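Only one structure is covered here, and it is reproduced in the block below.
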Amino acid sequence: MRKILYALGVTCTLMLMLYGLNFFSNEVVNEKMLDNVFDRNDFAWLGFMEPWKEPYNLGTNYLKQRDYDSAIAQFDKALSYNIPDDSECEVRINKALAMTLPVNEEDVDDRNLDTYVARLEEAEAVLLEKDFAREDGKGEYEDAQGLYDDIVEYKLHLLDITSTRFNLIKADADDGSIIPGAKMQITGVDKNGDPIKIEPADITLGEGASVDTKFTGEGILIVTGRTNTLVDKVFDGTYTIHEVEAPKGYDVAEDVTFEVIHCKVLKGDNEAIVERTDTEDAVITMKDALFRTDVNIRKVDTKKQDLEGAILTLTGVDVNGKKVVIPKESVILGEDAYFNEANSGEGVSFVTGKTMTTITGLVDGEYTLHEDKAPKGYTEAQDIKFVIENGAVVADNKYVTLATGPDLAVITMTDEEDPEQQSGGGSGEGEGEGGGGGGQGEGEGGEGQEGQGGGGSGEGGGTDDGEGGGQGQDQVGGDNDKGADSQNEQEGEGGDPEDDLKNYLSDLQDQANQQRSDELGAEGDSSYFYSGDIW
């Protein structure tokens with residue numbers, strides 16, 4: 001029995017001595033650490049009773065020296081041992097401190113925020129393990145819970161004070177060029193649904209851009225310029241860019257809505273957004289499409305019948321002063337119409353057919369329809385100018401029929417008959433223009449086209465019946481079978497020269513009266529006549 005008691009006494013004495021030496025060694029180690037003269041091999045063998053203490057002490061010393069990465073490595077080593085809960089809590093608290101202290105809010109910006117937030121969240125996880133701290137604030141250890149709450153609050157603080165920025169661009173949907181003059185409203189709400197205030201001082205305006213200081217709506221109203229505008233101080237939340245008014249000639253674009261999380265503009269499925277990179281800010285490009293419309297081009301004669309063979313060219317200048325490009329792909333040619341390949345390249349040129357030609361996709365601007373060459377027998381018409389605004393033809397004149405319902409606007413160009421081209425020597429063919437039987441001797445006057453018969457002046461010219469024809473002038477509404485007979489009809493021979501001249505002058509006046517009557521009065525109305533030098 002005594003031996004047993006003796007053995008127990010010796011064992012207890014040795015244990016006390018070892019614990020005393022271990023405590024002493026730890027104190028010596030701490031002192032040497034503070035003096036920066038500690039050699040890790042000194043007294044290391046004395047820590048065999050509580051091996052976690054040596055790395056814990058070393059980590060604590062690194063923490064005091066602000067060598068945070070080295071401290072974290074030592075605390076991880078200490079946690080690899082089996083440690084009493086109270087001691088493990090202290091190790092975890094120190095590790096969490098080593099992870100949190102390097103996060104200085106003065107060094108945080110939108111590019112490193114994610115890294116710092118991730119570091120703080122890792123520190124939170126260290127304290128949450130084994131319920132030393134809990135998200136509901138009811139952790140097992142007061143010190144661990146207090147540090148956890150502080151880290152969470154600090155993380156939210158960083159998110160509240162750190163912002164990002166983005167470039168705002170208003171561009172043409174066709175060529176991507178920047179277009180000025182769009183009125184853009186930017187609004188935002190934070191994670192609590194409260195409005196985010198955007199100050200004019202936070203806007204770096206592009207060339208020619210401005211902030212509408214009289215705007216009384218939510219957010220801020222920017223008038224875009226010729227270069228991009230930089231929007232700064234963009235905090236976490238949800239934002240919407242709304243186009244209040246598009247530049248002249250353009251249709252307003254759809255709203256662009258996006259989220260900013262951890263100071264990063266998120267693209268999502270929105271093609272208008274290019275996310276921030278390590279060197280470039282985020283870019284939001286809102287594209288406007290030009291108004292476009294289709295018009296019909298029609299060439300007619302004075303009887304409103306479609307006229308073939310006229311060479312027409314359509315040119316235009318858009319609302320920005322640029323020449324309008326009209327590709328052939330946008331032209332729907334009428335029946336028997338075809339492109340004028342000799343065109344210089346400006347606008348679009350075509351030869352008219354039996355039906356109207358349609359020009360599609362015309363943008364807002366001013367247009368000119370020009371006749372390069374009239375069909376044979378007709379005079380070239382004057383240019384027709386028309387205007388397209390907000391995707392509709394607005395020039396309301398006698399040449400323009402405005403669009404109604406599904407019907408397109410129609411630009412109608414009328415050609416008048418050319419008397420000089422309608423008359424002439426020689427015989428006509430078929431139902432063509434009536435050629436005058438000119439010259440002396442026997443001859444046959446050609447059959448004139450209905451409404452355009454006329455015989456040429458000549459002595460003894462024969463009609464198509466072989467009778468002596470008189471002197472006639474081209475006239476609208478003349479006989480379609482014969483030339484005009486003289487007042488003194490002669491068979492087979494010419495009359496007296498003096499009488500012929502009188503008859504010729506009389507015919508000229510009658511025919512001129514008839515032509516003017518057709519132009520100015522109703523059909524069959526004889527109230528218009530020429531007398532002397534007036535009508």
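Letters for chains follow the order of the structure tokens (A, B, ...), residue numbers begin at 1 for each chain, and ligand numbers begin at 1 in the order shown.
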Excluding same-chain residues fewer than 4 positions from segment 383-400 of chain A, what lies within 10 Å of it counting only C-alpha atoms, as a ChimeraX atom specification?
/A:248-251,290-298,312-319,361-372,408-414
Give me, as a list in words, all polymer residues having an atom no more than 8 Å from Tyr56 of chain A, counting only C-alpha atoms and skipping those fewer than 6 positions away in the same chain.
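Selected residues are Gln74, Phe75, Lys77, Ala78 and Val91 of chain A.
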inquiry  = Can you tell me which residues surround segment 59-66 of chain A at a distance of at most 9 Å, considering only C-alpha atoms, apart from same-chain residues fewer than 6 positions away, and format the answer as a VMD selection string?
reply    = chain A and resid 30 33 to 34 72 to 75 78 91 94 to 95 97 to 98 101 to 102
Quiz item: Expressed in Å to a single decimal, how great is the separation between atom CA of Asp415 of chain A and atom CA of Tyr378 of chain A?
Solution: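 For atom CA of Asp415 of chain A relative to atom CA of Tyr378 of chain A, the distance reads 6.0 Å.
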Got a sec: who's within 9 Å of segment 259-270 of chain A, counting only C-alpha atoms, leaving out chain neighbours fewer than 6 positions off, as a list of chain:residue names? A:Asp109, A:Asp110, A:Arg111, A:Leu113, A:Asp114, A:Val117, A:Leu159, A:Thr162, A:Ser163, A:Thr164, A:Arg165, A:Phe166, A:Val234, A:Phe235, A:Asp236, A:Gly237, A:Thr238, A:Tyr239, A:Thr240, A:Arg276, A:Ala282, A:Val283
List every residue of segment 280-401 of chain A that DSSP, applied to the backbone of this structure, assigns to strand (DSSP E or B), and report them as number ranges by chain.
A: 282-288, 290, 292-301, 306, 311-318, 323, 331-332, 338-339, 348-351, 357-363, 365-373, 378, 384-389, 392-393, 400-401
Among A:Cys12, A:Leu127, A:Leu221, A:Val252, Ala96 of chain A is approached most closely, using only C-alpha atoms, by A:Leu127
Exercise for review: Could you please write out, as a list in words, every residue of segment 126-307 of chain A that DSSP assigns to alpha helix (DSSP H)?
Suggested key: Val126, Leu127, Leu128, Glu142, Asp143, Ala144, Gln145, Gly146, Leu147, Tyr148, Asp149, Asp150, Ile151, Val152, Glu153, Tyr154, Lys155, Leu156, His157, Leu158, Leu159, Asp160 and Ile161 of chain A
Correct to one decimal, the distance atom CA of Arg226 of chain A-atom CA of Glu243 of chain A is 16.6 Å
Report, in Å to a single decimal, how far apart atom CA of Pro51 of chain A and atom CA of Glu124 of chain A are.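 According to the coordinates, atom CA of Glu124 of chain A and atom CA of Pro51 of chain A are separated by 26.0 Å.
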Nearest to Ala201 of chain A, chosen from A:Asp278, A:Glu88, A:Asp232, A:Glu254, with only C-alpha atoms counted in the distances
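Of A:Asp278, A:Glu88, A:Asp232, A:Glu254, the one nearest Ala201 of chain A, counting only C-alpha atoms, is A:Asp232.
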Can you list every residue of segment 287-344 of chain A that has an atom at most 10 Å from segment 169-185 of chain A, with its nearest atom pair and the distance in Å to one decimal, using only C-alpha atoms, ordered by chain then number, as JSON lines?
```
{"residue": "A:Lys287", "atom": "CA", "partner": "A:Ala171", "partner_atom": "CA", "distance": 4.8}
{"residue": "A:Asp288", "atom": "CA", "partner": "A:Ala173", "partner_atom": "CA", "distance": 5.3}
{"residue": "A:Ala289", "atom": "CA", "partner": "A:Ala173", "partner_atom": "CA", "distance": 5.0}
{"residue": "A:Leu290", "atom": "CA", "partner": "A:Ala173", "partner_atom": "CA", "distance": 7.6}
{"residue": "A:Asn320", "atom": "CA", "partner": "A:Ile179", "partner_atom": "CA", "distance": 9.5}
```
### Message
Counting only C-alpha atoms, which residue out of A:Asp301, A:Thr204, A:Ser349, A:Val108 sits closest to Leu158 of chain A?
### Response
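Of the candidates, the smallest distance to Leu158 of chain A is held by A:Val108.
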